[in-house]
>>> print(open('protein-v8.cif').read())   # mmCIF, C-alpha atoms
data_target
loop_
_atom_site.group_PDB
_atom_site.id
_atom_site.type_symbol
_atom_site.label_atom_id
_atom_site.label_comp_id
_atom_site.auth_asym_id
_atom_site.auth_seq_id
_atom_site.Cartn_x
_atom_site.Cartn_y
_atom_site.Cartn_z
ATOM 1 C CA MET A 1 -220.927 49.977 42.375
ATOM 2 C CA THR A 2 -222.427 47.772 45.044
ATOM 3 C CA ILE A 3 -220.814 45.227 47.313
ATOM 4 C CA PHE A 4 -222.031 42.501 44.958
ATOM 5 C CA ASP A 5 -219.969 43.994 42.127
ATOM 6 C CA ALA A 6 -216.734 43.741 44.141
ATOM 7 C CA ASP A 7 -215.743 40.426 42.564
ATOM 8 C CA ALA A 8 -216.240 41.866 39.114
ATOM 9 C CA VAL A 9 -213.601 44.565 39.683
ATOM 10 C CA GLY A 10 -211.115 42.210 41.383
ATOM 11 C CA MET A 11 -211.653 43.228 44.986
ATOM 12 C CA GLN A 12 -211.202 40.624 47.685
ATOM 13 C CA ASN A 13 -213.906 39.424 50.011
ATOM 14 C CA VAL A 14 -213.960 39.938 53.760
ATOM 15 C CA HIS A 15 -212.163 36.660 54.520
ATOM 16 C CA THR A 16 -209.222 37.319 52.200
ATOM 17 C CA PRO A 17 -208.210 40.984 52.281
ATOM 18 C CA LEU A 18 -204.908 40.269 50.476
ATOM 19 C CA THR A 19 -204.559 39.095 46.922
ATOM 20 C CA SER A 20 -203.371 35.543 46.469
ATOM 21 C CA GLY A 21 -199.886 36.649 45.417
ATOM 22 C CA GLN A 22 -199.509 39.059 48.323
ATOM 23 C CA HIS A 23 -200.712 36.448 50.781
ATOM 24 C CA PHE A 24 -198.350 33.816 49.368
ATOM 25 C CA GLY A 25 -195.428 36.264 49.607
ATOM 26 C CA PHE A 26 -196.357 37.090 53.183
ATOM 27 C CA CYS A 27 -196.474 33.380 54.053
ATOM 28 C CA LEU A 28 -193.080 32.782 52.428
ATOM 29 C CA ILE A 29 -191.486 35.620 54.387
ATOM 30 C CA ALA A 30 -193.102 34.471 57.640
ATOM 31 C CA THR A 31 -191.943 30.900 56.996
ATOM 32 C CA ALA A 32 -188.364 32.064 56.425
ATOM 33 C CA VAL A 33 -188.383 34.220 59.553
ATOM 34 C CA TYR A 34 -189.811 31.544 61.840
ATOM 35 C CA LEU A 35 -187.576 28.800 60.430
ATOM 36 C CA LEU A 36 -184.587 31.043 61.061
ATOM 37 C CA GLN A 37 -185.776 31.656 64.618
ATOM 38 C CA PHE A 38 -186.250 27.928 65.138
ATOM 39 C CA TYR A 39 -182.741 27.125 63.933
ATOM 40 C CA LYS A 40 -181.142 29.983 65.884
ATOM 41 C CA ARG A 41 -182.994 29.565 69.169
ATOM 42 C CA GLY A 42 -184.479 26.088 69.010
ATOM 43 C CA GLY A 43 -187.967 26.770 70.330
ATOM 44 C CA TRP A 44 -190.706 24.568 68.900
ATOM 45 C CA HIS A 45 -193.212 27.365 69.339
ATOM 46 C CA TYR A 46 -191.651 29.105 66.329
ATOM 47 C CA LEU A 47 -192.686 26.193 64.112
ATOM 48 C CA LEU A 48 -196.234 26.307 65.472
ATOM 49 C CA ILE A 49 -196.493 30.034 64.781
ATOM 50 C CA MET A 50 -195.155 29.398 61.281
ATOM 51 C CA LEU A 51 -197.810 26.724 60.767
ATOM 52 C CA ALA A 52 -200.541 29.061 61.996
ATOM 53 C CA VAL A 53 -199.431 31.796 59.598
ATOM 54 C CA ASP A 54 -199.167 29.389 56.685
ATOM 55 C CA LEU A 55 -202.608 27.923 57.374
ATOM 56 C CA THR A 56 -204.122 31.336 56.712
ATOM 57 C CA TYR A 57 -203.307 30.775 53.041
ATOM 58 C CA VAL A 58 -206.057 28.137 52.998
ATOM 59 C CA THR A 59 -208.508 31.057 52.824
ATOM 60 C CA GLN A 60 -207.208 31.727 49.300
ATOM 61 C CA THR A 61 -207.938 28.207 48.072
ATOM 62 C CA SER A 62 -211.127 26.490 47.078
ATOM 63 C CA LEU A 63 -210.970 24.447 50.299
ATOM 64 C CA CYS A 64 -212.533 27.330 52.240
ATOM 65 C CA THR A 65 -215.799 28.294 50.615
ATOM 66 C CA GLU A 66 -218.354 28.258 53.399
ATOM 67 C CA ASN A 67 -218.523 29.996 56.755
ATOM 68 C CA ARG A 68 -218.255 26.586 58.432
ATOM 69 C CA ASP A 69 -214.849 26.097 56.794
ATOM 70 C CA PHE A 70 -213.654 29.452 58.085
ATOM 71 C CA LEU A 71 -214.907 28.554 61.558
ATOM 72 C CA ILE A 72 -212.994 25.261 61.514
ATOM 73 C CA LEU A 73 -209.881 27.075 60.299
ATOM 74 C CA GLY A 74 -210.302 29.690 63.027
ATOM 75 C CA ILE A 75 -210.609 27.035 65.723
ATOM 76 C CA ALA A 76 -207.545 25.211 64.366
ATOM 77 C CA GLU A 77 -205.600 28.501 64.360
ATOM 78 C CA ALA A 78 -206.666 29.220 67.951
ATOM 79 C CA VAL A 79 -205.572 25.765 69.120
ATOM 80 C CA ILE A 80 -202.214 26.050 67.343
ATOM 81 C CA LEU A 81 -201.576 29.545 68.722
ATOM 82 C CA ALA A 82 -202.554 28.434 72.248
ATOM 83 C CA ALA A 83 -200.097 25.536 71.987
ATOM 84 C CA ALA A 84 -197.438 27.936 70.708
ATOM 85 C CA LEU A 85 -198.097 30.220 73.672
ATOM 86 C CA VAL A 86 -197.703 27.362 76.162
ATOM 87 C CA LEU A 87 -194.530 26.106 74.464
ATOM 88 C CA GLY A 88 -193.175 29.652 74.259
ATOM 89 C CA ILE A 89 -193.693 30.231 77.979
ATOM 90 C CA ARG A 90 -191.996 26.917 78.799
ATOM 91 C CA PHE A 91 -189.144 27.742 76.425
ATOM 92 C CA ASN A 92 -188.597 31.150 78.034
ATOM 93 C CA LYS A 93 -188.575 29.603 81.522
ATOM 94 C CA GLN A 94 -186.002 27.037 80.392
ATOM 95 C CA GLN A 95 -183.881 29.775 78.831
ATOM 96 C CA LYS A 96 -183.991 31.843 82.019
ATOM 97 C CA ALA A 97 -183.103 28.808 84.155
ATOM 98 C CA ALA A 98 -180.180 27.954 81.875
ATOM 99 C CA LYS A 99 -178.980 31.558 81.981
ATOM 100 C CA LEU A 100 -179.179 31.641 85.785
ATOM 101 C CA ALA A 101 -177.310 28.327 86.007
ATOM 102 C CA ALA A 102 -174.587 29.631 83.692
ATOM 103 C CA GLU A 103 -174.287 32.836 85.724
ATOM 104 C CA ALA A 104 -174.101 30.825 88.955
ATOM 105 C CA ALA A 105 -171.377 28.612 87.479
ATOM 106 C CA ALA A 106 -169.451 31.674 86.304
ATOM 107 C CA ASP A 107 -169.778 33.269 89.757
ATOM 108 C CA GLU A 108 -168.588 30.069 91.425
ATOM 109 C CA ALA A 109 -165.614 29.841 89.071
ATOM 110 C CA ALA A 110 -164.745 33.479 89.781
ATOM 111 C CA GLU A 111 -164.932 32.848 93.540
ATOM 112 C CA ARG A 112 -162.673 29.791 93.231
ATOM 113 C CA ARG A 113 -160.220 31.750 91.112
ATOM 114 C CA GLU A 114 -160.198 34.609 93.606
ATOM 115 C CA ALA A 115 -159.724 32.212 96.530
ATOM 116 C CA ALA A 116 -156.832 30.518 94.717
ATOM 117 C CA GLU A 117 -155.232 33.899 93.981
ATOM 118 C CA ASN A 118 -155.587 34.943 97.631
ATOM 119 C CA GLU A 119 -154.090 31.651 98.791
ATOM 120 C CA GLN A 120 -151.165 32.057 96.376
ATOM 121 C CA ARG A 121 -150.668 35.642 97.501
ATOM 122 C CA GLU A 122 -150.565 34.505 101.161
ATOM 123 C CA ARG A 123 -148.010 31.800 100.320
ATOM 124 C CA ASP A 124 -145.896 34.324 98.452
ATOM 125 C CA GLU A 125 -146.034 36.726 101.411
ATOM 126 C CA LYS A 126 -144.988 33.941 103.817
ATOM 127 C CA ILE A 127 -142.027 33.062 101.604
ATOM 128 C CA ILE A 128 -140.895 36.681 101.529
ATOM 129 C CA ASP A 129 -141.425 37.109 105.302
ATOM 130 C CA ASN A 130 -139.554 33.861 106.080
ATOM 131 C CA ALA A 131 -136.658 34.846 103.829
ATOM 132 C CA PHE A 132 -135.936 37.951 105.886
ATOM 133 C CA ASP A 133 -136.418 36.262 109.275
ATOM 134 C CA GLU A 134 -133.162 34.300 109.080
#
>>> encode(input="protein-v8.cif", output="structure tokens")
Amino acid sequence: MTIFDADAVGMQNVHTPLTSGQHFGFCLIATAVYLLQFYKRGGWHYLLIMLAVDLTYVTQTSLCTENRDFLILGIAEAVILAAALVLGIRFNKQQKAAKLAAEAAADEAAERREAAENEQRERDEKIIDNAFDE
């Protein structure tokens, strides 16, 4: 058997190592995972990654038949993944800033609570001390 006989026995070509069914299943699972991540965390980069994964299914269709088509698809994938990277970095910075702000607010609230408790304790001690002075 030669490489030219590969199509005759059902083997995939270099551009599509998965069968159409396997690739479709993979895309469905990836779509579900990234949609779930988008709804749970809210980062737009998850949708871009989902789009990039789903665009790989184009290799299974008759739309991609020439090397030029694969090159265009590859460039589109690179642009989408670069945008996802930029949005992901921004998202992580925003998440860290929000977490630091929440921690700072919690620390400030704890300090105010502690100061109020100390003030109340001092007032209570003064009341007790003044009661025995008379």
>>> closest_atom_pairs(input="protein-v8.cif", of="region 43-132 of chain A", to="region 21-38 of chain A", cutoff="6 Å", atoms="all atoms listed in the file", output="JSON lines")
{"residue": "A:Gly43", "atom": "CA", "partner": "A:Phe38", "partner_atom": "CA", "distance": 5.6}
{"residue": "A:Tyr46", "atom": "CA", "partner": "A:Tyr34", "partner_atom": "CA", "distance": 5.4}
{"residue": "A:Met50", "atom": "CA", "partner": "A:Thr31", "partner_atom": "CA", "distance": 5.6}
{"residue": "A:Asp54", "atom": "CA", "partner": "A:Cys27", "partner_atom": "CA", "distance": 5.5}
>>> write_last_selection(input="protein-v8.cif", atoms="C-alpha atoms", output="short mmCIF file (atom, residue, chain, number, x, y, z; two decimals), in the frame of the given file")
data_model
loop_
_atom_site.label_atom_id
_atom_site.label_comp_id
_atom_site.auth_asym_id
_atom_site.auth_seq_id
_atom_site.Cartn_x
_atom_site.Cartn_y
_atom_site.Cartn_z
CA GLY A 43 -187.97 26.77 70.33
CA TYR A 46 -191.65 29.10 66.33
CA MET A 50 -195.16 29.40 61.28
CA ASP A 54 -199.17 29.39 56.68
#
>>> closest_residue(input="protein-v8.cif", among="A:Tyr57, A:Phe91, A:Trp44, A:Tyr39", to="Thr19 (chain A)", atoms="all atoms listed in the file")
A:Tyr57
>>> closest_residue(input="protein-v8.cif", among="A:Asp107, A:Lys126, A:Lys99, A:Thr59", to="Leu18 (chain A)", atoms="only C-alpha atoms")
A:Thr59
>>> residues_around(input="protein-v8.cif", residues="Leu85 (chain A)", least_positions_apart="3", cutoff="10 Å", atoms="only C-alpha atoms", output="PDB file with C-alpha atoms, keeping the file's coordinate frame")
ATOM      1  CA  HIS A  45    -193.212  27.365  69.339  1.00  0.00           C
ATOM      2  CA  TYR A  46    -191.651  29.105  66.329  1.00  0.00           C
ATOM      3  CA  LEU A  48    -196.234  26.307  65.472  1.00  0.00           C
ATOM      4  CA  ILE A  49    -196.493  30.034  64.781  1.00  0.00           C
ATOM      5  CA  VAL A  79    -205.572  25.765  69.120  1.00  0.00           C
ATOM      6  CA  ILE A  80    -202.214  26.050  67.343  1.00  0.00           C
ATOM      7  CA  LEU A  81    -201.576  29.545  68.722  1.00  0.00           C
ATOM      8  CA  ALA A  82    -202.554  28.434  72.248  1.00  0.00           C
ATOM      9  CA  GLY A  88    -193.175  29.652  74.259  1.00  0.00           C
ATOM     10  CA  ILE A  89    -193.693  30.231  77.979  1.00  0.00           C
ATOM     11  CA  ARG A  90    -191.996  26.917  78.799  1.00  0.00           C
ATOM     12  CA  PHE A  91    -189.144  27.742  76.425  1.00  0.00           C
TER      13      PHE A  91
END
>>> atom_distance(input="protein-v8.cif", atom1="CA of Leu55 (chain A)", atom2="CA of Ile72 (chain A)")
11.5 Å
>>> atom_distance(input="protein-v8.cif", atom1="CA of Gly42 (chain A)", atom2="CA of Ala105 (chain A)")
22.8 Å
>>> atom_distance(input="protein-v8.cif", atom1="CA of Thr56 (chain A)", atom2="CA of Gly74 (chain A)")
9.0 Å
>>> axis_aligned_box(input="protein-v8.cif", around="region 76-93 of chain A", padding_each_side="5 Å", output="AutoDock Vina command-line options")
--center_x -198.1 --center_y 28.2 --center_z 72.9 --size_x 29.0 --size_y 15.9 --size_z 27.2
